[in-house]
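The file upload_15.cif comes next; it holds mmCIF, C-alpha atoms and all ligand atoms.
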data_data
loop_
_atom_site.label_atom_id
_atom_site.label_comp_id
_atom_site.auth_asym_id
_atom_site.auth_seq_id
_atom_site.Cartn_x
_atom_site.Cartn_y
_atom_site.Cartn_z
CA MET A 1499 19.78 16.82 -38.28
CA THR A 1500 22.35 14.07 -37.73
CA ILE A 1501 21.06 10.56 -37.19
CA ARG A 1502 23.17 7.92 -35.45
CA GLU A 1503 21.94 4.35 -35.61
CA VAL A 1504 22.90 2.52 -32.42
CA GLU A 1505 22.33 -0.86 -30.76
CA ALA A 1506 20.77 -0.62 -27.30
CA LYS A 1507 21.45 -3.09 -24.48
CA SER A 1508 17.98 -2.75 -22.96
CA ILE A 1509 14.82 -0.75 -23.64
CA LEU A 1510 12.25 -1.25 -20.91
CA ARG A 1511 13.05 0.88 -17.85
CA LYS A 1512 11.44 -0.34 -14.63
CA HIS A 1513 10.74 2.22 -11.91
CA LYS A 1514 11.45 1.25 -8.30
CA ARG A 1515 7.84 2.13 -7.50
CA ILE A 1516 4.79 3.20 -9.43
CA ASP A 1517 4.92 6.72 -10.85
CA SER A 1518 1.67 8.43 -9.88
CA TRP A 1519 1.98 11.12 -12.56
CA PHE A 1520 1.69 8.61 -15.38
CA ILE A 1521 0.30 5.62 -13.41
CA SER A 1522 3.22 3.67 -14.76
CA CYS A 1523 6.00 1.37 -13.56
CA TYR A 1524 7.68 1.05 -16.96
CA GLY A 1525 8.99 3.53 -19.49
CA MET A 1526 11.28 3.57 -22.50
CA ASN A 1527 13.30 5.85 -24.78
CA LEU A 1528 13.34 4.62 -28.35
CA TYR A 1529 15.38 7.66 -29.43
CA ARG A 1530 18.02 9.60 -27.53
CA GLY A 1531 18.06 13.31 -28.23
CA CYS A 1532 15.20 15.34 -29.68
CA THR A 1533 15.08 17.63 -32.69
CA HIS A 1534 12.01 19.38 -31.30
CA SER A 1535 14.74 21.32 -29.53
CA CYS A 1536 12.62 23.04 -26.89
CA VAL A 1537 14.71 25.79 -25.37
CA TYR A 1538 13.94 24.72 -21.80
CA CYS A 1539 14.45 20.96 -22.35
CA ASP A 1540 16.33 19.34 -19.49
CA GLY A 1541 17.56 16.65 -21.91
CA ARG A 1542 20.41 19.13 -22.45
CA ALA A 1543 21.58 18.79 -18.86
CA GLU A 1544 24.86 16.90 -18.45
CA GLY A 1545 23.21 14.46 -16.00
CA TYR A 1546 21.23 12.81 -18.83
CA TYR A 1547 24.36 11.96 -20.81
CA VAL A 1548 22.75 12.58 -24.20
CA GLU A 1549 25.61 12.48 -26.69
CA GLY A 1550 26.10 15.00 -29.49
CA GLU A 1551 24.48 18.39 -29.93
CA PHE A 1552 21.06 18.32 -28.30
CA GLY A 1553 18.33 19.53 -30.66
CA ARG A 1554 20.30 18.51 -33.76
CA ASP A 1555 21.61 14.99 -33.20
CA VAL A 1556 19.45 11.93 -32.54
CA ALA A 1557 20.43 8.36 -31.75
CA VAL A 1558 17.99 5.75 -33.09
CA LYS A 1559 17.96 2.44 -31.22
CA LEU A 1560 17.76 0.15 -34.21
CA ASN A 1561 17.27 -3.07 -32.26
CA ALA A 1562 14.67 -1.52 -29.91
CA ILE A 1563 11.66 -3.53 -31.04
CA GLU A 1564 13.44 -6.87 -31.08
CA LEU A 1565 14.72 -6.18 -27.53
CA LEU A 1566 11.35 -4.96 -26.34
CA ARG A 1567 9.64 -8.09 -27.66
CA TRP A 1568 12.08 -10.18 -25.65
CA GLU A 1569 11.73 -7.99 -22.53
CA LEU A 1570 7.92 -8.05 -22.60
CA ASP A 1571 7.46 -11.70 -23.50
CA PRO A 1572 5.25 -13.21 -20.75
CA LYS A 1573 6.57 -16.72 -21.47
CA ARG A 1574 10.08 -15.62 -20.50
CA LYS A 1575 9.16 -13.93 -17.24
CA ARG A 1576 9.21 -15.61 -13.84
CA VAL A 1577 7.45 -12.59 -12.34
CA PRO A 1578 4.75 -11.12 -14.61
CA LEU A 1579 4.81 -7.42 -15.47
CA ARG A 1580 3.10 -5.24 -12.89
CA ARG A 1581 -0.34 -4.11 -13.95
CA CYS A 1582 -0.04 -0.45 -14.93
CA PHE A 1583 0.28 1.75 -18.02
CA ILE A 1584 3.42 1.33 -20.10
CA MET A 1585 4.76 4.82 -20.71
CA LEU A 1586 5.86 5.85 -24.17
CA GLY A 1587 7.37 9.33 -24.45
CA GLY A 1588 8.85 11.89 -22.13
CA GLY A 1589 12.43 11.37 -21.02
CA VAL A 1590 15.15 12.50 -23.39
CA GLY A 1591 13.39 12.27 -26.75
CA ASP A 1592 9.84 12.67 -28.03
CA GLY A 1593 8.66 9.39 -29.57
CA TYR A 1594 6.94 11.38 -32.34
CA GLN A 1595 9.81 13.68 -33.27
CA PRO A 1596 10.47 13.89 -37.05
CA VAL A 1597 12.82 10.90 -37.19
CA GLU A 1598 9.84 8.67 -36.26
CA ARG A 1599 8.46 9.20 -39.78
CA LYS A 1600 11.38 7.23 -41.16
CA TYR A 1601 12.01 4.60 -38.45
CA GLY A 1602 8.51 4.06 -37.01
CA LEU A 1603 9.84 2.69 -33.69
CA THR A 1604 6.97 4.20 -31.68
CA ARG A 1605 4.43 2.69 -34.07
CA LYS A 1606 6.08 -0.73 -33.84
CA ALA A 1607 6.27 -0.49 -30.03
CA LEU A 1608 2.52 0.24 -29.96
CA GLU A 1609 1.85 -2.80 -32.14
CA LEU A 1610 3.77 -4.87 -29.60
CA MET A 1611 1.75 -3.41 -26.71
CA TYR A 1612 -1.40 -4.44 -28.54
CA GLU A 1613 -0.05 -7.93 -29.15
CA TYR A 1614 0.77 -8.30 -25.42
CA ASN A 1615 -2.50 -6.70 -24.31
CA LEU A 1616 -0.87 -3.89 -22.28
CA PRO A 1617 -2.38 -0.50 -21.35
CA VAL A 1618 -0.42 2.42 -22.75
CA SER A 1619 0.13 6.03 -21.77
CA LEU A 1620 1.63 8.33 -24.41
CA LEU A 1621 3.14 11.79 -23.98
CA THR A 1622 4.15 13.91 -26.94
CA LYS A 1623 4.25 17.39 -28.39
CA SER A 1624 3.77 16.22 -31.96
CA THR A 1625 0.69 15.87 -34.14
CA LEU A 1626 2.45 13.00 -35.93
CA ILE A 1627 0.69 10.82 -33.34
CA GLU A 1628 -2.43 11.14 -35.56
CA ARG A 1629 -0.77 8.64 -37.91
CA ASP A 1630 -1.18 5.98 -35.19
CA ILE A 1631 -4.77 6.66 -34.17
CA ASP A 1632 -5.85 3.26 -35.53
CA ILE A 1633 -3.54 1.20 -33.33
CA ILE A 1634 -4.11 3.50 -30.31
CA LYS A 1635 -7.87 3.01 -30.74
CA SER A 1636 -7.38 -0.76 -30.81
CA ILE A 1637 -5.24 -0.64 -27.63
CA ASN A 1638 -7.82 1.57 -25.96
CA LYS A 1639 -10.58 -0.88 -26.77
CA GLN A 1640 -8.58 -3.86 -25.59
CA SER A 1641 -6.68 -2.62 -22.53
CA ARG A 1642 -6.88 1.27 -22.46
CA ALA A 1643 -4.76 4.10 -23.77
CA ILE A 1644 -4.26 7.64 -22.50
CA VAL A 1645 -2.83 10.27 -24.83
CA SER A 1646 -1.24 13.37 -23.29
CA PHE A 1647 0.26 16.43 -24.90
CA SER A 1648 2.65 18.85 -23.29
CA PHE A 1649 2.35 22.60 -23.60
CA SER A 1650 4.17 25.51 -21.98
CA SER A 1651 1.08 27.55 -22.90
CA VAL A 1652 -1.35 27.95 -25.81
CA ASP A 1653 0.33 31.15 -27.02
CA GLU A 1654 1.48 30.65 -30.62
CA GLY A 1655 4.23 33.32 -30.59
CA ILE A 1656 5.81 32.12 -27.34
CA SER A 1657 5.68 28.51 -28.52
CA ALA A 1658 7.47 29.46 -31.76
CA ILE A 1659 10.36 30.85 -29.70
CA PHE A 1660 10.63 28.22 -27.00
CA GLU A 1661 9.44 25.10 -28.88
CA PRO A 1662 10.82 25.77 -32.36
CA GLY A 1663 10.54 22.22 -33.68
CA VAL A 1664 7.02 21.50 -32.47
CA PRO A 1665 3.62 21.94 -34.16
CA PRO A 1666 1.93 25.12 -32.85
CA PRO A 1667 -0.49 24.91 -29.91
CA HIS A 1668 -3.67 25.23 -32.03
CA GLU A 1669 -2.64 22.15 -34.03
CA ARG A 1670 -1.90 20.17 -30.88
CA LEU A 1671 -5.32 21.15 -29.51
CA LYS A 1672 -6.94 20.01 -32.75
CA THR A 1673 -5.21 16.65 -32.42
CA ILE A 1674 -6.53 16.33 -28.87
CA SER A 1675 -10.09 16.86 -30.14
CA LEU A 1676 -9.50 14.21 -32.80
CA PHE A 1677 -8.44 11.65 -30.19
CA LYS A 1678 -11.26 12.62 -27.85
CA ASN A 1679 -13.76 12.15 -30.67
CA ALA A 1680 -12.29 8.69 -31.19
CA GLY A 1681 -13.17 7.85 -27.56
CA ILE A 1682 -9.61 8.06 -26.21
CA SER A 1683 -8.89 9.80 -22.90
CA CYS A 1684 -6.56 12.76 -23.24
CA GLY A 1685 -4.67 15.03 -20.89
CA ILE A 1686 -2.43 18.03 -20.95
CA PHE A 1687 0.87 18.41 -19.20
CA LEU A 1688 0.98 22.18 -18.76
CA LEU A 1689 4.60 21.80 -18.01
CA PRO A 1690 6.91 23.51 -17.78
CA VAL A 1691 5.37 26.95 -17.57
CA ILE A 1692 8.09 29.49 -18.31
CA PRO A 1693 8.63 32.03 -15.49
CA PHE A 1694 7.19 35.52 -16.17
CA ILE A 1695 6.34 34.43 -19.74
CA THR A 1696 3.72 31.67 -19.68
CA ASP A 1697 2.93 31.62 -15.94
CA THR A 1698 0.74 34.72 -15.84
CA ALA A 1699 -2.81 34.30 -14.52
CA GLU A 1700 -4.22 35.42 -17.91
CA LEU A 1701 -2.21 32.95 -19.97
CA LEU A 1702 -2.74 30.10 -17.51
CA GLU A 1703 -6.47 30.71 -17.68
CA GLU A 1704 -6.41 30.78 -21.46
CA SER A 1705 -4.48 27.50 -21.52
CA VAL A 1706 -6.90 25.81 -19.11
CA SER A 1707 -9.97 27.11 -20.90
CA ARG A 1708 -8.73 26.03 -24.37
CA ALA A 1709 -7.84 22.61 -22.95
CA LYS A 1710 -11.34 22.36 -21.49
CA GLU A 1711 -12.87 23.25 -24.87
CA ALA A 1712 -10.78 20.49 -26.48
CA GLY A 1713 -12.30 18.07 -23.95
CA VAL A 1714 -9.25 16.99 -21.94
CA ASP A 1715 -9.76 14.69 -18.95
CA PHE A 1716 -7.04 16.25 -16.77
CA ILE A 1717 -4.26 18.84 -16.66
CA ILE A 1718 -1.00 18.19 -14.87
CA PHE A 1719 0.80 21.38 -14.02
CA GLY A 1720 4.41 22.17 -13.18
CA GLY A 1721 7.05 24.87 -13.12
CA MET A 1722 10.36 24.92 -14.94
CA THR A 1723 13.70 23.61 -13.74
CA LEU A 1724 16.96 25.01 -15.05
CA LYS A 1725 20.03 23.00 -14.19
CA GLU A 1726 23.38 24.77 -14.15
CA GLY A 1727 25.57 23.90 -17.12
CA ARG A 1728 24.42 23.26 -20.69
CA GLN A 1729 20.67 23.54 -20.01
CA GLN A 1730 20.94 26.89 -18.25
CA GLU A 1731 23.47 28.33 -20.71
CA TYR A 1732 21.34 27.44 -23.70
CA PHE A 1733 18.19 28.86 -22.11
CA TYR A 1734 19.86 32.10 -21.00
CA ASN A 1735 21.31 32.64 -24.50
CA VAL A 1736 17.81 32.62 -25.96
CA LEU A 1737 16.36 34.67 -23.08
CA ARG A 1738 19.02 37.36 -23.52
CA LYS A 1739 17.90 37.78 -27.15
CA THR A 1740 14.14 37.58 -26.65
CA HIS A 1741 13.47 38.85 -23.11
CA PRO A 1742 16.70 40.55 -21.90
CA GLU A 1743 14.80 42.38 -19.17
CA LEU A 1744 14.02 39.03 -17.49
CA VAL A 1745 17.56 37.71 -17.09
CA ALA A 1746 18.11 39.37 -13.70
CA GLU A 1747 14.70 38.13 -12.49
CA TYR A 1748 15.62 34.57 -13.46
CA GLN A 1749 18.90 34.80 -11.60
CA LYS A 1750 16.92 35.59 -8.46
CA LEU A 1751 14.70 32.52 -9.02
CA TYR A 1752 17.33 29.94 -9.98
CA ARG A 1753 20.02 30.04 -7.35
CA GLY A 1754 22.05 26.90 -7.97
CA SER A 1755 19.83 24.14 -6.57
CA GLN A 1756 21.23 20.72 -7.46
CA TRP A 1757 18.06 19.83 -9.36
CA GLY A 1758 17.78 23.18 -11.09
CA GLU A 1759 14.76 24.17 -9.07
CA ALA A 1760 13.47 27.71 -8.69
CA THR A 1761 12.73 29.08 -5.23
CA LYS A 1762 9.97 27.48 -3.17
CA GLU A 1763 8.15 30.84 -2.94
CA TYR A 1764 7.93 31.00 -6.73
CA TYR A 1765 6.62 27.43 -7.09
CA ASP A 1766 4.09 28.05 -4.30
CA LEU A 1767 2.88 31.18 -6.07
CA ILE A 1768 2.32 29.58 -9.48
CA ASN A 1769 0.82 26.43 -7.95
CA ARG A 1770 -1.76 28.56 -6.12
CA ARG A 1771 -2.47 30.46 -9.32
CA PHE A 1772 -3.02 27.26 -11.28
CA ASN A 1773 -5.08 25.67 -8.51
CA ASP A 1774 -7.55 28.59 -8.45
CA ILE A 1775 -8.01 28.40 -12.22
CA ALA A 1776 -8.33 24.61 -12.32
CA LYS A 1777 -11.02 24.80 -9.62
CA LYS A 1778 -12.93 27.42 -11.59
CA TYR A 1779 -12.97 25.11 -14.63
CA LYS A 1780 -13.54 21.95 -12.54
CA MET A 1781 -10.48 20.41 -14.11
CA PRO A 1782 -8.88 17.32 -12.48
CA LYS A 1783 -5.27 18.04 -11.57
CA ARG A 1784 -4.11 14.44 -11.77
CA ILE A 1785 -5.13 11.47 -13.98
CA PRO A 1786 -8.60 10.68 -12.59
CA PRO A 1787 -9.27 7.29 -10.95
CA SER A 1788 -11.88 6.27 -13.52
CA LEU A 1789 -8.97 5.81 -15.95
CA TYR A 1790 -6.83 3.54 -13.79
CA ARG A 1791 -8.70 2.01 -10.83
CA ASP A 1792 -9.52 -1.21 -12.70
CA ILE A 1793 -5.96 -1.65 -13.93
CA LEU A 1794 -3.78 -1.45 -10.81
CA GLU A 1795 -3.16 -4.00 -8.08
CA GLN A 1796 -4.44 -2.91 -4.65
CA ASN A 1797 -1.12 -1.68 -3.16
CA ASP A 1798 -0.30 0.37 -6.25
CA LEU A 1799 -3.85 1.73 -6.31
CA ALA A 1800 -3.46 2.93 -2.71
CA VAL A 1801 0.01 4.39 -3.42
CA VAL A 1802 -1.27 6.38 -6.41
CA MET A 1803 -4.38 7.66 -4.64
CA LEU A 1804 -2.46 8.65 -1.47
CA GLU A 1805 0.21 10.42 -3.54
CA HIS A 1806 -2.48 12.29 -5.43
CA ILE A 1807 -4.11 13.32 -2.15
CA ASP A 1808 -0.70 14.46 -0.86
CA TYR A 1809 -0.17 16.62 -3.95
CA LEU A 1810 -3.68 18.08 -3.82
CA LEU A 1811 -3.44 18.96 -0.12
CA LYS A 1812 -0.07 20.65 -0.60
CA LEU A 1813 -1.52 22.56 -3.55
CA GLU A 1814 -4.05 23.93 -1.06
CA GLY A 1815 -1.16 24.94 1.21
CA LYS A 1816 -2.12 22.25 3.75
CA PRO A 1817 0.30 19.92 5.55
CA SER A 1818 0.08 16.24 4.62
CA SER A 1819 1.65 12.94 5.59
CA PHE A 1820 -0.20 11.06 2.81
CA GLY A 1821 3.00 11.04 0.71
CA TYR A 1822 5.01 9.45 3.52
CA ALA A 1823 2.32 6.78 4.01
CA ALA A 1824 2.29 6.15 0.23
CA TYR A 1825 6.04 5.63 0.26
CA SER A 1826 5.78 3.15 3.16
CA ILE A 1827 3.07 1.20 1.32
CA SER A 1828 5.18 1.10 -1.84
CA GLN A 1829 7.84 -0.79 0.16
CA LEU A 1830 5.46 -3.49 1.46
CA LYS A 1831 5.78 -7.06 0.24
CA GLU A 1832 2.33 -8.19 1.39
CA PRO A 1833 -1.04 -7.03 -0.01
CA LEU A 1834 -2.77 -4.34 2.04
CA SER A 1835 -5.93 -6.47 2.30
CA SER A 1836 -3.99 -8.95 4.43
CA MET A 1837 -3.12 -6.16 6.89
CA LYS A 1838 -6.52 -4.58 7.38
CA GLY A 1839 -6.30 -4.74 11.19
CA ASP A 1840 -2.69 -3.51 11.24
CA LEU A 1841 -2.71 -0.56 8.88
CA ARG A 1842 -1.72 1.82 11.69
CA LYS A 1843 1.57 -0.09 12.04
CA ILE A 1844 2.61 1.19 8.59
CA LYS A 1845 4.86 4.25 8.94
CA GLY A 1846 2.98 7.49 8.26
CA VAL A 1847 -0.51 5.94 8.51
CA ASN A 1848 -2.62 7.85 11.02
CA GLN A 1849 -6.33 7.47 11.72
CA ALA A 1850 -7.47 9.64 8.80
CA ILE A 1851 -5.17 7.88 6.32
CA GLU A 1852 -6.26 4.48 7.64
CA ALA A 1853 -9.89 5.39 6.89
CA VAL A 1854 -8.97 6.41 3.33
CA ILE A 1855 -7.03 3.17 2.74
CA LEU A 1856 -9.92 1.06 4.06
CA GLU A 1857 -12.32 2.83 1.70
CA ILE A 1858 -9.93 2.24 -1.22
CA LEU A 1859 -9.71 -1.45 -0.34
CA GLU A 1860 -13.47 -1.80 -0.06
CA THR A 1861 -14.66 0.34 -2.97
CA GLY A 1862 -11.62 0.93 -5.22
CA GLY A 1863 -11.92 4.68 -4.53
CA SER A 1864 -11.99 7.42 -1.93
CA SER A 1865 -14.68 10.08 -1.66
CA TYR A 1866 -12.18 12.42 0.06
CA TYR A 1867 -9.76 12.06 -2.86
CA GLU A 1868 -12.40 12.58 -5.53
CA LYS A 1869 -13.61 15.75 -3.81
CA LEU A 1870 -10.05 17.11 -3.64
CA LEU A 1871 -9.36 16.26 -7.27
CA LEU A 1872 -12.01 18.66 -8.54
CA GLY A 1873 -12.39 20.92 -5.53
S1 LIG B 1901 9.69 17.59 -27.03
FE1 LIG B 1901 10.26 17.04 -24.96
S2 LIG B 1901 12.15 15.85 -25.18
FE2 LIG B 1901 11.84 16.95 -27.10
S3 LIG B 1901 13.01 18.83 -26.87
FE3 LIG B 1901 10.91 19.28 -26.26
S4 LIG B 1901 10.89 18.98 -24.05
FE4 LIG B 1901 12.76 17.97 -24.83
#
If you took the structure in this file and wrote it as structure tokens, what would it be?
Amino acid sequence: MTIREVEAKSILRKHKRIDSWFISCYGMNLYRGCTHSCVYCDGRAEGYYVEGEFGRDVAVKLNAIELLRWELDPKRKRVPLRRCFIMLGGGVGDGYQPVERKYGLTRKALELMYEYNLPVSLLTKSTLIERDIDIIKSINKQSRAIVSFSFSSVDEGISAIFEPGVPPPHERLKTISLFKNAGISCGIFLLPVIPFITDTAELLEESVSRAKEAGVDFIIFGGMTLKEGRQQEYFYNVLRKTHPELVAEYQKLYRGSQWGEATKEYYDLINRRFNDIAKKYKMPKRIPPSLYRDILEQNDLAVVMLEHIDYLLKLEGKPSSFGYAAYSISQLKEPLSSMKGDLRKIKGVNQAIEAVILEILETGGSSYYEKLLLG
């Protein structure tokens, strides 16, 4: 491993609109690069501009905490931070990769979140997060924390090939139980599933059932992208050695989409497969509203719920304009409650969507949405 200590210009990344996967408007990368070195990691793609050899080299943002303190300071802000979870993890470097043992930037960032009373959502593949259970418990008590782990499956052998720098699935599951027993909500990002390797009905069911046993509150599912260039070359090199018979199948799936996407037919197939299994286990397929409804402002609450409905309807193979309505609401300057009589003037809002929004405004929830989430 090669460590480069660098000075960052900024840390907190603000999204243009709330991200309904993580219920977050703000994220950060404390490290650039990741020695977990997952074979499928899109951090390798040229578009992310991660310098050095991905999987071996890591840049540590030495001034991250000082900058973050300045960026989060409520006394300095004319407009307060939007109420949402602050996202730690994901992006182009796991916050709990081995270098965190030495630098402790994720730990220090959490201490800052506690000091500023901010809700936190964490995503990692590492059991090193157990070190910070004390501060995460304190944040959870004060303002709420959600801890999520990503898996491509719960198969130990496959994980050893495709996630060589990561603790094996059974250890990650044990860590989830530990956090659950400490009263902290946990989820799994079953993402990405690897085509023809971890996307089989049997392995998906095993992953969902083991997650259920560990007590997770939700599972977010997704297929793999493979962008042309470094990411694809690296992946194919490993695939040729471990599963040479699959290379031709992959070339039929990944046909040069700009975002590295597989064919729509493939994504539809695995989404249906996952949906059937999640229903069988009554597993929420998005972060459930009980974990965020008291945190968000009303417009963001409606955006998240409508986007979740949009996803859940599409998962059922049904058409939906909920996503379009959510986008229109995310562009509004005024609160929805001031437009109660005019909701139909918002682009994409039809009669059914209007009824859902009114229920959200009145009760903070939607019975239609909650039924879809588990149904
Ligand atoms: S843990 Fe995440 S960021 Fe790190 S290599 Fe794996 S997929 Fe990439």
* **Distance in Å - CA of Ile1501 (chain A) versus CA of Asp1555 (chain A)** =>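 Between CA of Ile1501 (chain A) and CA of Asp1555 (chain A) the gap is 6.0 Å.
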* Skipping near chain neighbours, those fewer than 3 positions away, what residues fall within 9 Å of Phe1694 (chain A) using all atoms listed in the file, listed as a PyMOL selection string? -> chain A and resi 1691+1697-1698+1744+1747-1748
* Close residues, region 1827-1844 of chain A itself excluded, 10 Å, all atoms listed in the file, min 2 positions apart in chain, as a PyMOL selection string -> chain A and resi 1514-1516+1795-1798+1800-1802+1804+1821-1825+1846-1849+1851-1853+1855-1856+1859-1860
Counting all atoms listed in the file, select every polymer residue within 9 Å of (4.6, 32.0, -11.4) as defined in the file's coordinates, and provide the selection as a CSV table (one decimal) with C-alpha atoms, in the coordinates of the input.
chain,number,residue,atom,x,y,z
A,1691,VAL,CA,5.4,27.0,-17.6
A,1692,ILE,CA,8.1,29.5,-18.3
A,1693,PRO,CA,8.6,32.0,-15.5
A,1694,PHE,CA,7.2,35.5,-16.2
A,1695,ILE,CA,6.3,34.4,-19.7
A,1696,THR,CA,3.7,31.7,-19.7
A,1697,ASP,CA,2.9,31.6,-15.9
A,1698,THR,CA,0.7,34.7,-15.8
A,1699,ALA,CA,-2.8,34.3,-14.5
A,1721,GLY,CA,7.0,24.9,-13.1
A,1764,TYR,CA,7.9,31.0,-6.7
A,1765,TYR,CA,6.6,27.4,-7.1
A,1766,ASP,CA,4.1,28.0,-4.3
A,1767,LEU,CA,2.9,31.2,-6.1
A,1768,ILE,CA,2.3,29.6,-9.5
A,1769,ASN,CA,0.8,26.4,-8.0
A,1770,ARG,CA,-1.8,28.6,-6.1
A,1771,ARG,CA,-2.5,30.5,-9.3
A,1772,PHE,CA,-3.0,27.3,-11.3
* Asked: Quick one: residues within 9 Å of ligand LIG 1901 (chain B), with all atoms listed in the file, as a PyMOL selection string?
  -> chain A and resi 1530-1542+1552-1553+1587-1595+1621-1624+1648+1660-1664+1690
* Contacts of Glu1609 (chain A) at 12 Å (only C-alpha atoms; same-chain gap of 6+ positions) as number ranges by chain -> A: 1563, 1566-1567, 1602-1603, 1615-1618, 1630-1637
* In file coordinates, which residues lie within 7 Å of (-12.7, 3.2, -26.4) using only C-alpha atoms, given as a VMD selection string? -> chain A and resid 1635 1638 to 1639 1681 to 1682
